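Below: the structure, in structure tokens.
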Amino acid sequence: QSGLGKSTMVNTLFKSKVWKTTLPGLVVPIPQTLQLHSVTHVIEEKGVKLKLTVTDTPGFGDQINNDKCWDPILGYINEQYERYLQEEILITRQRHIPDTRVHCCVYFVPPTGHCLRPLDIEFLQRLCRTVNVVPVIARADSLTMEERDAFRRRIQQNMRAHCIDVYPQKCFDEDINDRILNSKIRDRIPFAVVGADREHLVNGRCVLGRKTKWGIIEVENMAHCEFPLLRDLLIRSHLQDLKDITHNVHYENYRVIRLNESHLLPRGPGWVNLAPASPGQLTTPGPVKARRRARDDLEDRL
Amino acid sequence: TASGAMDKEYVGFAALPNQLHRKSVKKGFDFTLMVAGESGLGKSTLINSLFLTNLYEDRQVPEASARLTQTLTIERRGVEIEEGGIKVKLTLVDTPGFGDSVDCSDCWLPVVRFIEEQFEQYLRDESGLNRKNIQDSRVHCCLYFISPFGRGLRPLDVAFLRAVHEKVNIVPVIGKADALMPKETQALKQKIRDQLKEEGINIYQFPECDSDEDEDFKRQDAEMKESIPFAVVGSCEVVRDGGTRPVRGRRYSWGTVEVENPHHCDFLNLRRMLVQTHLQDLKEVTHDVLYEGYRARCLQSLARPGARERASRSKLSRQSATEIPLPMLPLAETEKLIREKDEELRRMQEMLEKMQAQMQQSQAQGEQSDAL
């Protein structure tokens, strides 16, 4: 839904103004239909370049009747898989297929303090089957620590009850080390996050935060919120894993479904007649190559 | 003597206000407050904070799976509060399930129906024969909670407010206002005010101060009006920090929000407005404006011919729920209406007969002349 701090969070994550954020009152009216729009940036750190594409979904869940409002989102994700598939089945294909697939979907749960809403459940159930989903408790500065913990436990209960399997999925833990680390993460999901793109002076340091009359909420302070956990998960430790799972699991699932209905595949240039997949073909992640092992930070924090 | 002369001029009705006061206190006050808005905006906590009672002790927040099939229900809770010898019978009307479903179309209709039913009941009672103990269950005020996270009013907010604004006093409130920084609060309030104007929604208007009130009161009054919609924070917990005095508030790791601190939120303004200064006015506006409007609409629709027949039928049997429920008018009045209509019908019939007779005459004359 609008106003949960999605754009601010993206800016905070990447410490650069990927989106322009606005105060209420200065913004365009809520769009009537769900429109997705993507922005691509190349950001660089210590010589490493990252081409980041962020897709925002303003208008999701804002209407009176939100039935099927998740369809455009599912459609967009599948469209990216389709694009990749079309490139992959060409006879003469590019060395490096442009990858526009969505590697991770961050879902913002409003801080009601009660439990997941019907809309959240409908959305999460559908999307977890298609893409890596990382739910977060948005704008957590309106919940005290005790309220956050209680809310988190209830959300975890809800997800188990409705078979919502969010990232990192248990069945893809490769070895015992993975399992230990990922279990710690799974215990803390959804992270209670706060985003900010303004800096304030606290004890002589310049920190990103929100300034209220009763105190300053520091975004990168673990005592205030769990933003550092989210950042570490998405960028520092599990970025490559997110891409791998997307490629080896979600994309493969999509491909199998498409090939089983291959008589419907449009015959474009370079059309290859692929044999339909055998029924017993399960998708398990193949041997994962070159994984980034920068997990010390995340382990320390947990 | 001088005092003797004074005694002759003193009648004694200066004591009237005291008599009124004593009677009112004996009678007690009653007030019905409706609370509406989607779940998770701190409604229950705020109500408990306002009246310093735990009205929601036995409440069970429904589980996620229960919410998937939940429809809107209207719940009424009553409590008697006493303070300084004054008794108030407070009735709280809650709307759990509002705004929770994936599809919230028309979810406000049960609320509108409820408000109208109270008016209907009052109209029946008022028109009845025994008017000694009329219970006033009409909704005197609706506190509508707006999310602090939205960028103003959402489509559902607008739809609800539009449906009820001519039927109940609306006091808009921003819930969980401690989620906002000062600038954000100002911007949100302004946006909401603009939207209310654009959509033509009439919220409860505070009456103007009497000109003989002191400056302090006038200033407070103006401040209160400017802070609408009230940005509120509720809490039933008392925070006892080391050095400072205990306050009611919410403790975060970065500081404590004090509920009764006017720099932190508008809780005090809301409490002052609702309970201390404008409770009586809310009741009066409900009775003199909103209820009268309902009554006039109802009786006007009664004045249409089709409705009148139904009214005569209803004289014999109570209205069934399938027809538009009309208030039962006293027999005398219905009789009078029927007699008037009968008179009219008879006059029209007489005229028709005369015209027919004239036509026959002219026809007969025509034939005669033809024959001739």
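Going by the structure tokens order, chains are called A, B, ..., each with residues numbered from 1, while ligands are numbered from 1 in the order shown.
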
Review point. Got a sec to pull out which chain B residues are within 6 Å of chain A, counting only C-alpha atoms, and send them as a list in words?
Key: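 Within 6 Å of chain A on chain B, we get Gly40, Ala64, Leu68, Val102, Asp103, Cys104, Ser105, Phe149, Gly150, Arg151, Leu156, Ala179, Met181, Ala187, Leu188, Lys191, Tyr252, Trp254, Gly255, Thr256 and Val257 of chain B.
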
Practice item. From a DSSP calculation on the backbone, collect every residue of stretch 144-291 of chain B in strand (DSSP E) and output the set as a PyMOL selection string. Key: chain B and resi 144-146+170-174+230-231+238-239+247-252+255-258

Quick one: write out the picked residues with N, CA and C atoms as a compact mmCIF listing (two decimals), in the first residue's frame?
# COMPACT_ATOMS: atom_id res chain seq x y z
N TYR B 144 -13.74 9.02 13.46
CA TYR B 144 -13.25 8.24 12.34
C TYR B 144 -11.74 8.27 12.29
N PHE B 145 -11.13 7.07 12.32
CA PHE B 145 -9.68 6.97 12.37
C PHE B 145 -9.08 6.87 10.98
N ILE B 146 -8.14 7.77 10.73
CA ILE B 146 -7.45 7.78 9.44
C ILE B 146 -6.04 7.26 9.66
N ILE B 170 -19.18 13.91 12.56
CA ILE B 170 -17.92 13.23 12.33
C ILE B 170 -16.77 14.03 12.92
N VAL B 171 -15.94 13.36 13.71
CA VAL B 171 -14.71 13.97 14.18
C VAL B 171 -13.57 13.14 13.63
N PRO B 172 -12.84 13.65 12.63
CA PRO B 172 -11.76 12.85 12.05
C PRO B 172 -10.53 12.88 12.94
N VAL B 173 -9.85 11.74 12.99
CA VAL B 173 -8.73 11.60 13.90
C VAL B 173 -7.63 10.83 13.17
N ILE B 174 -6.37 11.21 13.35
CA ILE B 174 -5.26 10.45 12.76
C ILE B 174 -4.74 9.53 13.86
N PHE B 230 -7.44 15.64 14.58
CA PHE B 230 -6.56 15.45 15.73
C PHE B 230 -5.59 14.30 15.48
N ALA B 231 -4.31 14.55 15.72
CA ALA B 231 -3.30 13.48 15.58
C ALA B 231 -3.10 12.90 16.97
N VAL B 238 1.70 3.40 32.23
CA VAL B 238 2.41 4.52 32.82
C VAL B 238 3.89 4.22 32.76
N VAL B 239 4.64 5.16 32.19
CA VAL B 239 6.08 4.96 32.06
C VAL B 239 6.78 5.65 33.21
N VAL B 247 4.58 9.24 33.58
CA VAL B 247 3.63 9.77 32.60
C VAL B 247 2.98 8.62 31.86
N ARG B 248 1.81 8.89 31.32
CA ARG B 248 1.18 7.87 30.46
C ARG B 248 1.80 8.01 29.09
N GLY B 249 2.33 6.90 28.59
CA GLY B 249 2.98 7.03 27.29
C GLY B 249 3.44 5.71 26.73
N ARG B 250 4.18 5.82 25.65
CA ARG B 250 4.74 4.65 25.00
C ARG B 250 6.25 4.77 25.02
N ARG B 251 6.89 3.74 25.53
CA ARG B 251 8.34 3.83 25.63
C ARG B 251 9.02 3.15 24.46
N TYR B 252 9.82 3.92 23.75
CA TYR B 252 10.64 3.38 22.67
C TYR B 252 12.10 3.46 23.09
N GLY B 255 13.24 7.13 23.01
CA GLY B 255 12.53 8.17 23.74
C GLY B 255 11.13 7.70 24.11
N THR B 256 10.45 8.51 24.87
CA THR B 256 9.10 8.14 25.28
C THR B 256 8.10 9.16 24.78
N VAL B 257 7.05 8.68 24.13
CA VAL B 257 5.98 9.56 23.68
C VAL B 257 5.02 9.76 24.84
N GLU B 258 4.76 11.01 25.20
CA GLU B 258 3.84 11.27 26.29
C GLU B 258 2.47 11.61 25.72

Check your understanding: Please, which residues of stretch 136-237 of chain B, numbered as in this document, come out alpha helix (DSSP H) from DSSP, as number ranges by chain?
Key -> B: 155-164, 182-198, 215-226

Review point. Suppose you want the space between atom CA of A:Thr100 and atom CA of A:Glu45; what is it in Å?
Key: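 Atom CA of A:Glu45 lies 21.8 Å from atom CA of A:Thr100.
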
Near B:Asp221, within 9 Å and counting only C-alpha atoms, which residues show up once chain neighbours fewer than 4 positions away are dropped, as a CSV table (one decimal) with all heavy atoms, in the first residue's frame?
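So the final result, stored in result_8.csv, reads:
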chain,number,residue,atom,x,y,z
B,206,PHE,N,-17.2,23.1,15.1
B,206,PHE,CA,-17.2,23.6,16.4
B,206,PHE,C,-17.9,24.9,16.4
B,206,PHE,O,-17.7,25.8,15.5
B,206,PHE,CB,-15.8,23.8,16.9
B,206,PHE,CG,-15.1,22.6,17.2
B,206,PHE,CD1,-14.4,21.9,16.2
B,206,PHE,CD2,-15.2,22.0,18.4
B,206,PHE,CE1,-13.8,20.7,16.4
B,206,PHE,CE2,-14.5,20.8,18.7
B,206,PHE,CZ,-13.9,20.1,17.7
B,208,GLU,N,-18.9,28.8,17.3
B,208,GLU,CA,-18.0,29.9,17.6
B,208,GLU,C,-18.0,30.2,19.1
B,208,GLU,O,-19.0,30.0,19.8
B,208,GLU,CB,-18.5,31.2,16.9
B,208,GLU,CG,-18.3,31.1,15.4
B,208,GLU,CD,-16.8,30.9,15.1
B,208,GLU,OE1,-15.9,31.4,15.7
B,208,GLU,OE2,-16.6,30.1,14.1
B,209,CYS,N,-16.9,30.7,19.6
B,209,CYS,CA,-16.9,31.1,21.0
B,209,CYS,C,-17.8,32.3,21.3
B,209,CYS,O,-18.0,33.1,20.4
B,209,CYS,CB,-15.5,31.6,21.3
B,209,CYS,SG,-14.4,30.5,22.1
B,216,ASP,N,-7.9,33.7,27.0
B,216,ASP,CA,-7.3,32.4,27.2
B,216,ASP,C,-8.2,31.3,26.5
B,216,ASP,O,-7.7,30.5,25.7
B,216,ASP,CB,-7.2,32.1,28.7
B,216,ASP,CG,-5.7,31.7,29.0
B,216,ASP,OD1,-4.9,31.9,28.1
B,216,ASP,OD2,-5.5,31.1,30.1
B,217,PHE,N,-9.5,31.3,26.9
B,217,PHE,CA,-10.4,30.4,26.3
B,217,PHE,C,-10.5,30.4,24.8
B,217,PHE,O,-10.5,29.5,24.1
B,217,PHE,CB,-11.8,30.6,27.0
B,217,PHE,CG,-12.8,29.5,26.6
B,217,PHE,CD1,-12.8,28.3,27.4
B,217,PHE,CD2,-13.6,29.7,25.6
B,217,PHE,CE1,-13.7,27.3,27.0
B,217,PHE,CE2,-14.5,28.7,25.2
B,217,PHE,CZ,-14.6,27.5,26.0
B,225,LYS,N,-9.4,24.2,17.0
B,225,LYS,CA,-10.0,24.1,15.7
B,225,LYS,C,-8.9,23.9,14.7
B,225,LYS,O,-9.1,23.2,13.7
B,225,LYS,CB,-10.8,25.4,15.4
B,225,LYS,CG,-12.0,25.5,16.2
B,225,LYS,CD,-13.0,26.6,15.7
B,225,LYS,CE,-14.1,26.7,16.7
B,225,LYS,NZ,-14.6,28.0,16.9
B,226,GLU,N,-7.8,24.5,14.8
B,226,GLU,CA,-6.7,24.4,13.8
B,226,GLU,C,-6.1,23.1,13.8
B,226,GLU,O,-5.4,22.7,12.8
B,226,GLU,CB,-5.6,25.5,14.1
B,226,GLU,CG,-6.0,26.8,13.5
B,226,GLU,CD,-5.1,27.9,14.0
B,226,GLU,OE1,-3.9,27.6,14.3
B,226,GLU,OE2,-5.6,29.0,14.3

Point to revise | Minimum-distance residue to A:Leu13, chosen among A:Ile73, A:Leu234, A:Cys128, A:Leu201 (using only C-alpha atoms) | key: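 Ranked by minimum distance to A:Leu13, first place goes to A:Leu234.
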
Exercise for review: Pick out the residues sitting within 12 Å of stretch 122-125 of chain B, and hand them over as an NGL selection string; count only C-alpha atoms, and ignore anything fewer than 5 positions along from it in its own chain.
Suggested key: :B and (115-117 or 130-139 or 286-287 or 291-299 or 325-330)

Using the selection just defined, write its residues with C-alpha atoms as a JSON list (two decimals), in the first residue's frame.
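Written out: result-v2.json:
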[["chain", "number", "residue", "atom", "x", "y", "z"],
["B", 115, "ILE", "CA", -27.31, 4.94, 12.43],
["B", 116, "GLU", "CA", -30.62, 5.26, 10.64],
["B", 117, "GLU", "CA", -32.17, 2.53, 12.74],
["B", 130, "ASN", "CA", -46.29, 7.07, 25.97],
["B", 131, "ARG", "CA", -43.32, 9.41, 25.77],
["B", 132, "LYS", "CA", -42.22, 9.32, 29.35],
["B", 133, "ASN", "CA", -39.09, 7.27, 29.08],
["B", 134, "ILE", "CA", -37.66, 7.68, 25.65],
["B", 135, "GLN", "CA", -34.27, 6.01, 25.45],
["B", 136, "ASP", "CA", -31.91, 7.96, 23.28],
["B", 137, "SER", "CA", -29.76, 5.44, 21.46],
["B", 138, "ARG", "CA", -28.85, 7.78, 18.61],
["B", 139, "VAL", "CA", -25.19, 8.08, 17.73],
["B", 286, "THR", "CA", -27.53, 15.38, 16.66],
["B", 287, "HIS", "CA", -31.02, 16.19, 17.89],
["B", 291, "TYR", "CA", -32.28, 13.91, 13.55],
["B", 292, "GLU", "CA", -34.60, 16.64, 12.30],
["B", 293, "GLY", "CA", -33.15, 16.20, 8.83],
["B", 294, "TYR", "CA", -33.84, 12.48, 8.99],
["B", 295, "ARG", "CA", -37.36, 13.06, 10.28],
["B", 296, "ALA", "CA", -38.16, 15.58, 7.57],
["B", 297, "ARG", "CA", -36.89, 13.26, 4.83],
["B", 298, "CYS", "CA", -38.91, 10.43, 6.28],
["B", 299, "LEU", "CA", -42.15, 12.36, 6.54],
["B", 325, "PRO", "CA", -39.87, 0.67, 7.18],
["B", 326, "LEU", "CA", -41.94, 3.74, 7.84],
["B", 327, "PRO", "CA", -42.39, 5.19, 11.27],
["B", 328, "MET", "CA", -45.79, 4.54, 12.72],
["B", 329, "LEU", "CA", -47.65, 7.84, 12.84],
["B", 330, "PRO", "CA", -50.24, 8.30, 15.55]]
